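File shown: upload.cif (mmCIF, C-alpha atoms).
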```cif
data_structure
loop_
_atom_site.label_atom_id
_atom_site.label_comp_id
_atom_site.auth_asym_id
_atom_site.auth_seq_id
_atom_site.Cartn_x
_atom_site.Cartn_y
_atom_site.Cartn_z
CA MET S 223 -19.21 -32.08 52.08
CA ALA S 224 -18.42 -35.63 50.92
CA TYR S 225 -14.82 -36.78 51.23
CA ASP S 226 -14.54 -40.49 50.45
CA VAL S 227 -10.90 -41.61 50.70
CA ALA S 228 -11.76 -45.09 49.37
CA ARG S 229 -13.25 -43.55 46.22
CA ILE S 230 -10.18 -41.34 45.77
CA ARG S 231 -7.80 -44.29 46.16
CA GLY S 232 -9.71 -46.20 43.53
CA LEU S 233 -8.88 -43.48 40.99
CA ILE S 234 -5.09 -43.85 41.46
CA PRO S 235 -3.81 -47.15 39.96
CA SER S 236 -0.33 -47.04 41.56
CA LEU S 237 -1.86 -47.39 45.03
CA GLY S 238 -2.38 -51.05 44.21
CA ASP S 239 1.36 -51.71 44.46
CA GLY S 240 1.19 -52.74 48.13
CA TRP S 241 3.22 -49.78 49.39
CA ILE S 242 2.26 -47.08 51.88
CA HIS S 243 3.20 -43.81 50.21
CA LEU S 244 4.17 -41.24 52.84
CA ASP S 245 6.75 -39.45 50.69
CA PRO S 246 4.80 -36.72 48.86
CA ARG S 247 8.02 -34.66 48.70
CA ALA S 248 8.85 -36.99 45.80
CA GLY S 249 5.49 -36.16 44.20
CA MET S 250 1.99 -37.44 44.85
CA GLN S 251 0.82 -40.63 43.17
CA ILE S 252 -0.67 -39.96 39.74
CA PRO S 253 -4.44 -40.32 39.13
CA ASP S 254 -5.47 -42.45 36.17
CA VAL S 255 -7.19 -39.51 34.48
CA VAL S 256 -3.89 -37.61 34.40
CA SER S 257 -1.86 -40.43 32.86
CA ARG S 258 -4.59 -41.12 30.27
CA THR S 259 -4.83 -37.44 29.35
CA VAL S 260 -1.06 -37.15 28.94
CA SER S 261 -0.91 -40.30 26.82
CA THR S 262 -3.65 -39.04 24.51
CA ALA S 263 -2.02 -35.63 24.15
CA PHE S 264 1.35 -37.11 23.21
CA ARG S 265 -0.38 -39.00 20.39
CA ASN S 266 -2.39 -36.03 19.09
CA SER S 267 -0.26 -32.91 19.59
CA ALA S 268 2.73 -31.52 17.73
CA ALA S 269 6.07 -30.30 19.06
CA SER S 270 5.12 -26.74 18.07
CA SER S 271 2.09 -24.58 18.76
CA THR S 272 2.71 -22.09 15.96
CA GLY S 273 1.98 -24.11 12.80
CA ARG S 274 -1.27 -24.28 10.86
CA HIS S 275 -1.57 -28.06 11.09
CA LEU S 276 -4.39 -29.44 13.25
CA SER S 277 -1.93 -31.03 15.71
CA SER S 278 -0.17 -27.67 16.14
CA ARG S 279 -3.49 -26.02 16.90
CA ARG S 280 -4.14 -28.75 19.46
CA SER S 281 -0.79 -27.93 21.07
CA ALA S 282 -1.69 -24.24 21.20
CA ALA S 283 -5.00 -25.10 22.88
CA ILE S 284 -3.22 -27.37 25.39
CA LEU S 285 -0.81 -24.57 26.29
CA GLN S 286 -3.61 -22.07 26.85
CA GLU S 287 -5.70 -24.54 28.86
CA ALA S 288 -2.70 -25.25 31.09
CA ARG S 289 -2.20 -21.54 31.77
CA VAL S 290 -5.89 -21.12 32.59
CA ALA S 291 -5.92 -24.08 34.98
CA VAL S 292 -2.88 -22.89 36.94
CA ALA S 293 -4.32 -19.38 37.06
CA GLU S 294 -7.59 -20.67 38.51
CA LEU S 295 -5.68 -22.72 41.09
CA VAL S 296 -3.91 -19.64 42.50
CA GLY S 297 -6.47 -16.95 41.67
CA ALA S 298 -4.47 -15.18 38.98
CA ASP S 299 -4.60 -14.04 35.35
CA PRO S 300 -3.67 -16.72 32.78
CA ASP S 301 -1.51 -14.16 30.96
CA GLY S 302 0.81 -14.16 33.97
CA VAL S 303 1.45 -17.93 33.98
CA VAL S 304 4.92 -19.08 32.92
CA LEU S 305 5.38 -22.83 32.36
CA GLY S 306 8.61 -24.84 32.37
CA PRO S 307 10.38 -28.10 33.25
CA SER S 308 10.10 -27.65 37.02
CA HIS S 309 9.53 -24.93 39.58
CA ALA S 310 13.24 -25.13 40.51
CA VAL S 311 14.30 -24.45 36.92
CA LEU S 312 11.81 -21.60 36.61
CA LEU S 313 13.09 -19.97 39.80
CA ALA S 314 16.62 -20.19 38.39
CA TRP S 315 15.48 -18.49 35.17
CA LEU S 316 13.64 -15.84 37.18
CA ALA S 317 16.71 -15.12 39.31
CA GLU S 318 18.82 -14.71 36.19
CA ALA S 319 16.24 -12.40 34.62
CA LEU S 320 16.09 -10.23 37.76
CA SER S 321 19.87 -10.16 38.28
CA SER S 322 20.19 -6.65 36.84
CA ARG S 323 18.31 -5.23 39.82
CA LEU S 324 20.28 -7.20 42.42
CA GLY S 325 23.72 -5.63 42.25
CA LEU S 326 26.00 -3.73 44.64
CA GLY S 327 24.14 -1.48 47.04
CA THR S 328 21.01 -3.63 47.01
CA GLY S 329 19.84 -6.45 49.26
CA MET S 330 17.68 -9.55 49.39
CA VAL S 331 16.19 -11.53 52.26
CA LEU S 332 16.11 -15.33 52.21
CA SER S 333 14.86 -17.77 54.85
CA ARG S 334 16.28 -20.92 56.42
CA LEU S 335 12.80 -22.43 56.15
CA ASP S 336 12.87 -22.55 52.36
CA ASP S 337 13.80 -25.46 50.15
CA GLU S 338 16.96 -25.07 48.10
CA ALA S 339 14.96 -24.25 44.96
CA ASN S 340 14.14 -20.82 46.42
CA ILE S 341 17.59 -20.23 47.90
CA ALA S 342 20.36 -21.40 45.56
CA PRO S 343 19.39 -19.25 42.51
CA TRP S 344 19.30 -16.08 44.59
CA LEU S 345 22.63 -16.87 46.27
CA ARG S 346 24.25 -17.36 42.86
CA VAL S 347 22.96 -14.00 41.66
CA ALA S 348 24.06 -12.27 44.88
CA SER S 349 27.54 -13.80 44.64
CA ARG S 350 27.89 -12.73 41.01
CA TYR S 351 26.54 -9.19 41.26
CA GLY S 352 27.22 -8.22 44.87
CA ALA S 353 23.76 -7.97 46.46
CA GLN S 354 23.74 -8.27 50.24
CA VAL S 355 22.00 -11.38 51.57
CA ARG S 356 20.19 -11.36 54.91
CA TRP S 357 18.68 -14.43 56.51
CA ALA S 358 15.40 -14.96 58.37
CA GLU S 359 15.97 -17.60 61.03
CA VAL S 360 13.74 -20.37 62.34
CA GLU S 361 12.97 -20.90 66.03
CA ILE S 362 14.68 -24.13 67.03
CA GLU S 363 11.96 -25.43 69.36
CA THR S 364 8.88 -24.74 67.25
CA CYS S 365 10.30 -24.31 63.72
CA GLU S 366 8.21 -21.15 63.47
CA LEU S 367 9.52 -18.34 61.25
CA PRO S 368 8.81 -15.17 63.28
CA THR S 369 7.72 -12.33 61.02
CA TRP S 370 8.88 -9.63 63.43
CA GLN S 371 12.47 -10.19 62.32
CA TYR S 372 11.63 -8.94 58.83
CA GLU S 373 11.06 -5.45 60.24
CA GLU S 374 14.84 -5.29 60.72
CA LEU S 375 15.89 -7.47 57.81
CA ILE S 376 14.03 -5.43 55.19
CA THR S 377 15.68 -2.06 54.57
CA PRO S 378 15.23 0.68 51.97
CA THR S 379 17.81 -1.09 49.77
CA THR S 380 15.98 -4.45 49.81
CA ARG S 381 14.95 -5.39 46.29
CA LEU S 382 13.62 -8.90 46.87
CA VAL S 383 12.32 -11.27 49.52
CA ALA S 384 12.06 -15.00 48.76
CA LEU S 385 9.90 -17.04 51.12
CA THR S 386 8.10 -20.37 51.18
CA ALA S 387 4.34 -20.60 51.74
CA ALA S 388 4.88 -23.90 53.58
CA SER S 389 7.92 -25.98 54.39
CA SER S 390 8.09 -29.41 52.76
CA ILE S 391 10.38 -30.52 55.61
CA VAL S 392 8.59 -29.50 58.80
CA GLY S 393 5.25 -28.21 57.50
CA THR S 394 5.53 -24.67 58.91
CA ALA S 395 3.35 -22.18 57.03
CA PRO S 396 4.65 -18.65 57.80
CA ASP S 397 2.57 -15.48 57.58
CA VAL S 398 3.65 -14.51 54.09
CA ARG S 399 1.30 -11.54 53.79
CA VAL S 400 2.93 -9.67 56.68
CA VAL S 401 6.33 -10.02 55.02
CA ALA S 402 4.95 -9.06 51.61
CA ASP S 403 3.48 -5.83 52.96
CA LEU S 404 6.84 -4.92 54.50
CA VAL S 405 8.85 -5.45 51.32
CA HIS S 406 6.28 -3.61 49.22
CA GLU S 407 6.69 -0.57 51.45
CA VAL S 408 10.28 -0.24 50.17
CA GLY S 409 9.41 -1.09 46.56
CA GLY S 410 10.78 -4.64 46.62
CA LEU S 411 9.47 -7.85 45.05
CA MET S 412 7.93 -10.76 46.95
CA VAL S 413 8.69 -14.20 45.46
CA VAL S 414 6.74 -17.01 47.13
CA ASP S 415 7.49 -20.70 46.69
CA ALA S 416 4.11 -22.42 47.08
CA ALA S 417 5.30 -25.87 45.99
CA GLY S 418 4.94 -27.17 49.54
CA ALA S 419 1.58 -25.49 50.16
CA ALA S 420 -0.44 -26.04 46.97
CA PRO S 421 -1.12 -29.77 47.55
CA TYR S 422 -2.62 -29.06 50.98
CA ALA S 423 -4.04 -25.57 51.21
CA HIS S 424 -5.95 -22.82 49.47
CA VAL S 425 -3.43 -20.73 47.55
CA ASP S 426 -4.37 -17.22 46.49
CA ILE S 427 -1.72 -14.95 45.03
CA ASP S 428 -3.50 -11.77 46.15
CA ASP S 429 -4.09 -13.01 49.70
CA LEU S 430 -0.39 -13.87 49.98
CA GLY S 431 0.61 -10.48 48.61
CA ALA S 432 3.04 -12.19 46.25
CA ASP S 433 4.40 -10.55 43.12
CA VAL S 434 5.49 -13.95 41.83
CA ILE S 435 4.38 -17.37 43.05
CA THR S 436 5.73 -20.75 42.01
CA VAL S 437 4.09 -24.18 42.12
CA ASP S 438 5.22 -27.71 41.27
CA ILE S 439 2.53 -29.63 39.36
CA ALA S 440 3.96 -33.03 40.38
CA SER S 441 3.48 -32.14 44.04
CA TRP S 442 -0.28 -32.84 43.75
CA GLY S 443 -0.09 -35.74 41.30
CA GLY S 444 0.40 -33.97 38.00
CA PRO S 445 3.19 -34.21 35.42
CA GLN S 446 6.75 -33.05 35.98
CA ILE S 447 6.08 -29.40 35.15
CA GLY S 448 6.53 -26.18 37.10
CA ALA S 449 4.78 -22.83 36.92
CA LEU S 450 5.68 -19.25 37.80
CA VAL S 451 2.70 -16.95 38.18
CA PHE S 452 2.97 -13.14 38.12
CA SER S 453 0.28 -11.22 39.96
CA ASP S 454 0.56 -8.48 37.33
CA PRO S 455 1.13 -9.91 33.82
CA ALA S 456 2.37 -6.50 32.68
CA HIS S 457 5.43 -7.00 34.89
CA LEU S 458 6.62 -9.69 32.47
CA GLU S 459 7.27 -7.02 29.85
CA ARG S 460 9.61 -5.23 32.28
CA VAL S 461 11.65 -8.35 33.08
CA PRO S 462 14.62 -9.05 30.78
CA ALA S 463 13.67 -11.89 28.44
CA MET S 464 15.20 -15.36 28.82
CA SER S 465 13.48 -16.83 25.76
CA LEU S 466 15.41 -17.94 22.66
CA ASN S 467 12.73 -16.15 20.62
CA PRO S 468 13.67 -12.46 20.27
CA HIS S 469 10.04 -11.60 19.57
CA ALA S 470 8.62 -13.38 22.65
CA ARG S 471 5.94 -11.51 24.57
CA GLY S 472 4.33 -11.96 27.97
CA ALA S 473 4.88 -15.30 29.70
CA GLU S 474 6.88 -16.59 26.72
CA ARG S 475 9.69 -14.19 27.68
CA LEU S 476 10.65 -16.51 30.57
CA GLU S 477 10.01 -19.80 28.77
CA VAL S 478 13.33 -21.15 27.52
CA GLY S 479 13.10 -23.72 24.73
CA GLY S 480 10.02 -25.64 23.65
CA HIS S 481 7.19 -27.14 25.66
CA GLN S 482 6.35 -30.79 26.27
CA PHE S 483 2.73 -30.40 25.18
CA GLY S 484 1.83 -33.95 26.16
CA LEU S 485 2.86 -33.21 29.74
CA LEU S 486 1.15 -29.82 29.72
CA ALA S 487 -2.14 -31.57 28.98
CA GLY S 488 -1.88 -33.25 32.37
CA ILE S 489 -2.00 -29.93 34.22
CA PRO S 490 -5.75 -29.22 33.81
CA ALA S 491 -6.49 -32.91 34.41
CA SER S 492 -4.55 -32.91 37.68
CA ILE S 493 -6.15 -29.69 38.90
CA ASP S 494 -9.60 -30.95 37.96
CA PHE S 495 -8.83 -34.10 39.96
CA MET S 496 -8.04 -31.92 42.99
CA ALA S 497 -11.32 -30.08 42.42
CA SER S 498 -13.18 -33.41 42.50
CA LEU S 499 -11.83 -34.67 45.85
CA ASP S 500 -15.20 -33.75 47.33
CA ASP S 501 -17.62 -35.55 45.02
CA GLU S 502 -20.38 -33.10 45.89
CA ALA S 503 -18.38 -30.01 44.89
CA THR S 504 -20.11 -27.86 42.27
CA GLY S 505 -19.60 -24.56 40.50
CA SER S 506 -16.60 -23.19 38.65
CA ARG S 507 -13.23 -24.92 38.83
CA ARG S 508 -12.06 -22.38 41.41
CA GLU S 509 -15.21 -22.92 43.50
CA ARG S 510 -14.86 -26.70 43.30
CA LEU S 511 -11.22 -26.40 44.34
CA ASP S 512 -12.18 -24.35 47.39
CA ILE S 513 -14.80 -26.93 48.45
CA SER S 514 -12.61 -29.95 47.80
CA ILE S 515 -9.51 -28.54 49.47
CA SER S 516 -11.58 -27.61 52.54
CA SER S 517 -12.95 -31.16 52.70
CA MET S 518 -9.46 -32.60 52.31
CA GLN S 519 -8.13 -30.35 55.06
CA ASN S 520 -10.88 -31.47 57.45
CA TYR S 521 -10.00 -35.09 56.70
CA GLN S 522 -6.26 -34.56 57.01
CA ASP S 523 -6.52 -32.50 60.21
CA VAL S 524 -8.06 -35.48 62.00
CA LEU S 525 -5.54 -37.88 60.49
CA PHE S 526 -2.58 -35.62 61.28
CA ASP S 527 -3.68 -35.24 64.90
CA ARG S 528 -3.83 -39.03 65.12
CA LEU S 529 -0.32 -39.28 63.66
CA MET S 530 1.13 -36.67 66.02
CA ARG S 531 -0.41 -38.27 69.12
CA GLN S 532 1.00 -41.66 68.20
CA LEU S 533 4.46 -40.35 67.36
CA ASP S 534 4.55 -38.47 70.66
CA SER S 535 3.83 -41.75 72.45
CA LEU S 536 6.93 -43.44 71.01
CA THR S 537 10.05 -43.46 73.17
CA GLY S 538 13.02 -41.91 71.40
CA VAL S 539 11.02 -40.40 68.53
CA ILE S 540 11.23 -36.61 68.35
CA VAL S 541 9.03 -34.64 65.97
CA LEU S 542 10.74 -31.47 64.75
CA GLY S 543 8.72 -28.33 65.30
CA ARG S 544 5.28 -27.45 66.60
CA ALA S 545 4.28 -24.57 64.36
CA SER S 546 0.81 -23.19 65.02
CA SER S 547 0.15 -22.83 61.29
CA ARG S 548 1.26 -25.73 59.13
CA VAL S 549 0.51 -28.27 56.42
CA PRO S 550 0.42 -32.02 57.19
CA THR S 551 4.10 -32.79 56.59
CA LEU S 552 6.71 -33.35 59.29
CA SER S 553 10.19 -34.63 60.03
CA PHE S 554 11.27 -36.72 62.98
CA THR S 555 14.38 -38.29 64.45
CA VAL S 556 14.84 -41.58 66.27
CA ASP S 557 17.30 -41.47 69.14
CA GLY S 558 20.49 -43.32 68.28
CA VAL S 559 19.33 -44.44 64.82
CA PRO S 560 20.48 -42.61 61.65
CA ALA S 561 17.72 -41.37 59.38
CA GLU S 562 18.86 -43.50 56.46
CA LYS S 563 18.60 -46.64 58.60
CA VAL S 564 15.09 -45.68 59.73
CA ALA S 565 13.99 -45.04 56.14
CA ALA S 566 15.53 -48.33 55.02
CA HIS S 567 13.76 -50.22 57.83
CA LEU S 568 10.44 -48.72 56.73
CA ALA S 569 11.14 -49.35 53.04
CA ASP S 570 11.81 -53.01 53.77
CA ARG S 571 8.25 -53.07 55.07
CA ARG S 572 6.87 -51.23 52.01
CA ILE S 573 6.53 -47.83 53.66
CA ALA S 574 7.99 -45.04 51.52
CA THR S 575 9.51 -42.07 53.37
CA ALA S 576 12.37 -39.64 52.72
CA ALA S 577 15.65 -39.50 54.65
CA SER S 578 17.36 -36.11 54.91
CA THR S 579 21.04 -36.15 55.85
CA ARG S 580 23.84 -33.59 55.97
CA GLY S 581 23.73 -31.22 53.03
CA SER S 582 20.25 -32.17 51.85
CA SER S 583 18.41 -29.49 53.84
CA ARG S 584 19.67 -26.11 55.05
CA LEU S 585 16.85 -26.12 57.59
CA LEU S 586 17.90 -29.40 59.19
CA ASP S 587 21.54 -28.34 59.07
CA SER S 588 20.70 -25.08 60.87
CA LEU S 589 18.72 -26.98 63.51
CA GLY S 590 21.73 -29.23 64.15
CA VAL S 591 19.76 -32.33 63.21
CA SER S 592 22.15 -33.33 60.44
CA ASP S 593 24.97 -33.72 62.97
CA GLU S 594 22.91 -36.38 64.75
CA GLY S 595 22.17 -38.54 61.73
CA GLY S 596 19.53 -36.52 59.94
CA ALA S 597 15.76 -36.82 59.97
CA VAL S 598 13.00 -38.77 58.26
CA SER S 599 10.37 -36.71 56.45
CA ILE S 600 6.80 -37.86 55.87
CA GLY S 601 3.58 -36.28 54.72
CA LEU S 602 -0.05 -37.08 54.31
CA ALA S 603 -1.71 -37.21 50.92
CA PRO S 604 -5.36 -37.00 49.86
CA TYR S 605 -5.35 -40.80 49.72
CA THR S 606 -3.61 -41.56 53.05
CA THR S 607 -5.67 -43.68 55.45
CA SER S 608 -5.71 -44.15 59.21
CA PHE S 609 -4.59 -47.77 58.69
CA GLU S 610 -1.46 -46.51 56.92
CA VAL S 611 -0.69 -44.05 59.72
CA ASP S 612 -1.14 -46.79 62.32
CA GLN S 613 1.09 -49.16 60.33
CA LEU S 614 3.88 -46.55 60.21
CA VAL S 615 3.75 -46.15 63.97
CA ARG S 616 3.77 -49.93 64.53
CA GLU S 617 6.91 -50.31 62.44
CA LEU S 618 8.64 -47.45 64.24
CA ARG S 619 7.77 -49.09 67.55
CA ASN S 620 9.47 -52.27 66.31
CA LEU S 621 12.60 -50.45 65.14
#
```
Render the structure in this file as structure tokens.
Amino acid sequence: MAYDVARIRGLIPSLGDGWIHLDPRAGMQIPDVVSRTVSTAFRNSAASSTGRHLSSRRSAAILQEARVAVAELVGADPDGVVLGPSHAVLLAWLAEALSSRLGLGTGMVLSRLDDEANIAPWLRVASRYGAQVRWAEVEIETCELPTWQYEELITPTTRLVALTAASSIVGTAPDVRVVADLVHEVGGLMVVDAAGAAPYAHVDIDDLGADVITVDIASWGGPQIGALVFSDPAHLERVPAMSLNPHARGAERLEVGGHQFGLLAGIPASIDFMASLDDEATGSRRERLDISISSMQNYQDVLFDRLMRQLDSLTGVIVLGRASSRVPTLSFTVDGVPAEKVAAHLADRRIATAASTRGSSRLLDSLGVSDEGGAVSIGLAPYTTSFEVDQLVRELRNL
């Protein structure tokens, strides 16, 4: 394996801005190949993929290539890939489409670990139609999400479980497959939000046991587009359509309005960039992704261990959670200093982080962190260096 972080950084123009980017929750920095591909597509594609003009045919090809690329990323069938403005919007459309099966006498299970995108739409549907909501809780000390609690939370009336594959706040990666098997035993659906996992880990829809999985393309340096992926494309024909086209079939049934074909062109480019992180990776796109993501994980594991050791050495800095399975994102507090002040101090020194305060994270609210001034969230990226990690720690020491 050959993981050369200097080579990777050289392919991302925005990294020349003098900032240390430790805020991947806002989206990874965009590789040059992605921005160039998007620019070219905007010039050469049409606003419709149904006409006979050459530019319309280009748009149709872009749409299909985008579906194929997402499918290869998560190990699914391209016919099951729904594309839209963001994964949050797509989850809202999905919740609305599934609302008919979430009425009185039924139940759903949500988790405190999830981001709001995989909570708020389901709560709205439950409030409107009367489904009972049960919550899976996080252990305060470790931020683990114990799967044993789902044995009681999932009942014969449970119709849906929504769960993250990895927390963007504390990095915890729960055992989704155990939960999926439990909900499938009672005939329920498993909806997995993989937006926090896809930039860091191998994502396979079958391994997770998910019926529907969602990813955020911007989370790994692609355009502002989201995707819903159904493990069984035939299930799309059984879901009430949300499309404005009464004749829509398959994935188009959940695609409201038109596509931004220029942005869609950036999806294959961004996934191919991920597949090239290891410059010796060969084979199909899926095989290259497996090799490159493994190389990236080996690199980030060493870097994350370095970060954790240094943060633990700082007086007054408390890292939230010690989950045994996780991705390289975390949140921390500084004793006596509000999160917004910490983030501002770092920003003044060109270090980008994210401050989470009251109301911005159900997880942090449930942990009681919001009452103490919130927390600062950071994460590694494929282009993060040991120098940048060390610089963060130096600035925290000087806070």
One-decimal distance in Å that lies between CA of Arg572 in chain S and CA of His243 in chain S: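 Atom-to-atom, CA of His243 in chain S and CA of Arg572 in chain S are spaced 8.5 Å apart.
With CA of Leu345 in chain S on one side and CA of Arg289 in chain S on the other, the separation reads 29.1 Å.
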CA of Ala417 in chain S to CA of Leu285 in chain S: how many Å, to one decimal?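 Value for the CA of Ala417 in chain S-CA of Leu285 in chain S distance: 20.7 Å.
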Residue members of the PyMOL selection byres ((chain S and resi 564-570) around 10) in the file shown, as a list of chain:residue names: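 That selection, the PyMOL selection byres ((chain S and resi 564-570) around 10), comes back as S:Trp241, S:Ile242, S:Thr555, S:Val556, S:Val559, S:Pro560, S:Ala561, S:Glu562, S:Lys563, S:Arg571, S:Arg572, S:Ile573, S:Ala574, S:Thr575, S:Ala576, S:Ala577, S:Ser578, S:Ala597, S:Val598, S:Ser599, S:Leu614, S:Glu617, S:Leu618, S:Asn620, S:Leu621.
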Residues near Asp403 in chain S, anyone? I mean within 9 Å using only C-alpha atoms, not counting same-chain ones fewer than 4 positions away, as a list in words. Val398, Arg399, Glu407, Met412 and Gly431 of chain S
I need the residue set behind the PyMOL selection byres ((chain S and resi 600) around 6) for this file; please write it as a count of residues only. 7
Explicit residues for the PyMOL selection byres ((chain S and resi 521) around 10) (as a ChimeraX atom specification): /S:225-227,515-520,522-526,604,606-607
Tell me, counting all atoms listed in the file, for each residue of range 275-367 of chain S within 6 Å of range 482-495 of chain S, which pair of atoms is nearest and how far apart they are in Å to one decimal, in rows ordered by chain and increasing number, as JSON lines.
```
{"residue": "S:Ser281", "atom": "CA", "partner": "S:Phe483", "partner_atom": "CA", "distance": 5.9}
{"residue": "S:Ile284", "atom": "CA", "partner": "S:Ala487", "partner_atom": "CA", "distance": 5.6}
{"residue": "S:Ala288", "atom": "CA", "partner": "S:Ile489", "partner_atom": "CA", "distance": 5.7}
{"residue": "S:Ala291", "atom": "CA", "partner": "S:Pro490", "partner_atom": "CA", "distance": 5.3}
```
From (16.5, -19.0, 56.7), in the file's coordinates, out to 7 Å: which residues are reached, counting only C-alpha atoms? Answer as a list in words.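 With a cut-off of 7 Å, the residues come to Leu332, Ser333, Arg334, Leu335, Asp336, Trp357, Ala358, Glu359 and Val360 of chain S.
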For Glu459 in chain S, which residue out of S:Gly472, S:Gly249, S:Pro307, S:Gly558 is the nearest one, using all atoms listed in the file? S:Gly472
Smallest atom-to-atom distance to Pro368 in chain S: which of S:Gly302, S:Gly325, S:Pro396, S:Pro246, using all atoms listed in the file?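 For Pro368 in chain S, the nearest of the candidates is S:Pro396.
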Let me have the centre and edge lengths of the axis-aligned box enclosing all listed atoms of range 459-465 of chain S with 3 Å padding on every side, in Å to one decimal, as lines of an AutoDock Vina configuration file.
```
center_x = 11.2
center_y = -11.0
center_z = 29.4
size_x = 13.9
size_y = 17.6
size_z = 13.3
```
From S:Thr386, S:Ser308, S:Ser498, S:Ser261, residue lying nearest Ile435 in chain S [all atoms listed in the file]: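 Under the stated criterion, the closest residue is S:Thr386.
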Kindly complete range 533-538 of chain S to all heavy atoms; the output should be written as a compact mmCIF listing (two decimals), in the frame of the given file.
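Resulting contents of selection-v5.txt:
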```txt
# COMPACT_ATOMS: atom_id res chain seq x y z
N LEU S 533 3.01 -40.57 67.38
CA LEU S 533 4.46 -40.35 67.36
C LEU S 533 4.95 -39.85 68.71
O LEU S 533 6.03 -40.24 69.19
CB LEU S 533 4.83 -39.35 66.25
CG LEU S 533 4.69 -39.83 64.81
CD1 LEU S 533 5.03 -38.71 63.84
CD2 LEU S 533 5.58 -41.04 64.55
N ASP S 534 4.17 -38.99 69.35
CA ASP S 534 4.55 -38.47 70.66
C ASP S 534 4.59 -39.58 71.72
O ASP S 534 5.28 -39.46 72.73
CB ASP S 534 3.57 -37.38 71.11
CG ASP S 534 3.76 -36.08 70.35
OD1 ASP S 534 4.84 -35.90 69.75
OD2 ASP S 534 2.83 -35.25 70.35
N SER S 535 3.87 -40.65 71.48
CA SER S 535 3.83 -41.75 72.45
C SER S 535 5.02 -42.70 72.33
O SER S 535 5.23 -43.56 73.19
CB SER S 535 2.53 -42.55 72.30
OG SER S 535 2.55 -43.33 71.10
N LEU S 536 5.81 -42.54 71.24
CA LEU S 536 6.93 -43.44 71.01
C LEU S 536 8.19 -42.95 71.72
O LEU S 536 8.60 -41.80 71.53
CB LEU S 536 7.20 -43.58 69.51
CG LEU S 536 6.08 -44.17 68.66
CD1 LEU S 536 6.49 -44.21 67.20
CD2 LEU S 536 5.71 -45.57 69.14
N THR S 537 8.80 -43.80 72.48
CA THR S 537 10.05 -43.46 73.17
C THR S 537 11.17 -43.28 72.16
O THR S 537 11.38 -44.12 71.28
CB THR S 537 10.44 -44.56 74.16
OG1 THR S 537 9.38 -44.75 75.09
CG2 THR S 537 11.71 -44.21 74.91
N GLY S 538 11.88 -42.16 72.27
CA GLY S 538 13.02 -41.91 71.40
C GLY S 538 12.70 -41.22 70.10
O GLY S 538 13.61 -40.83 69.36
```
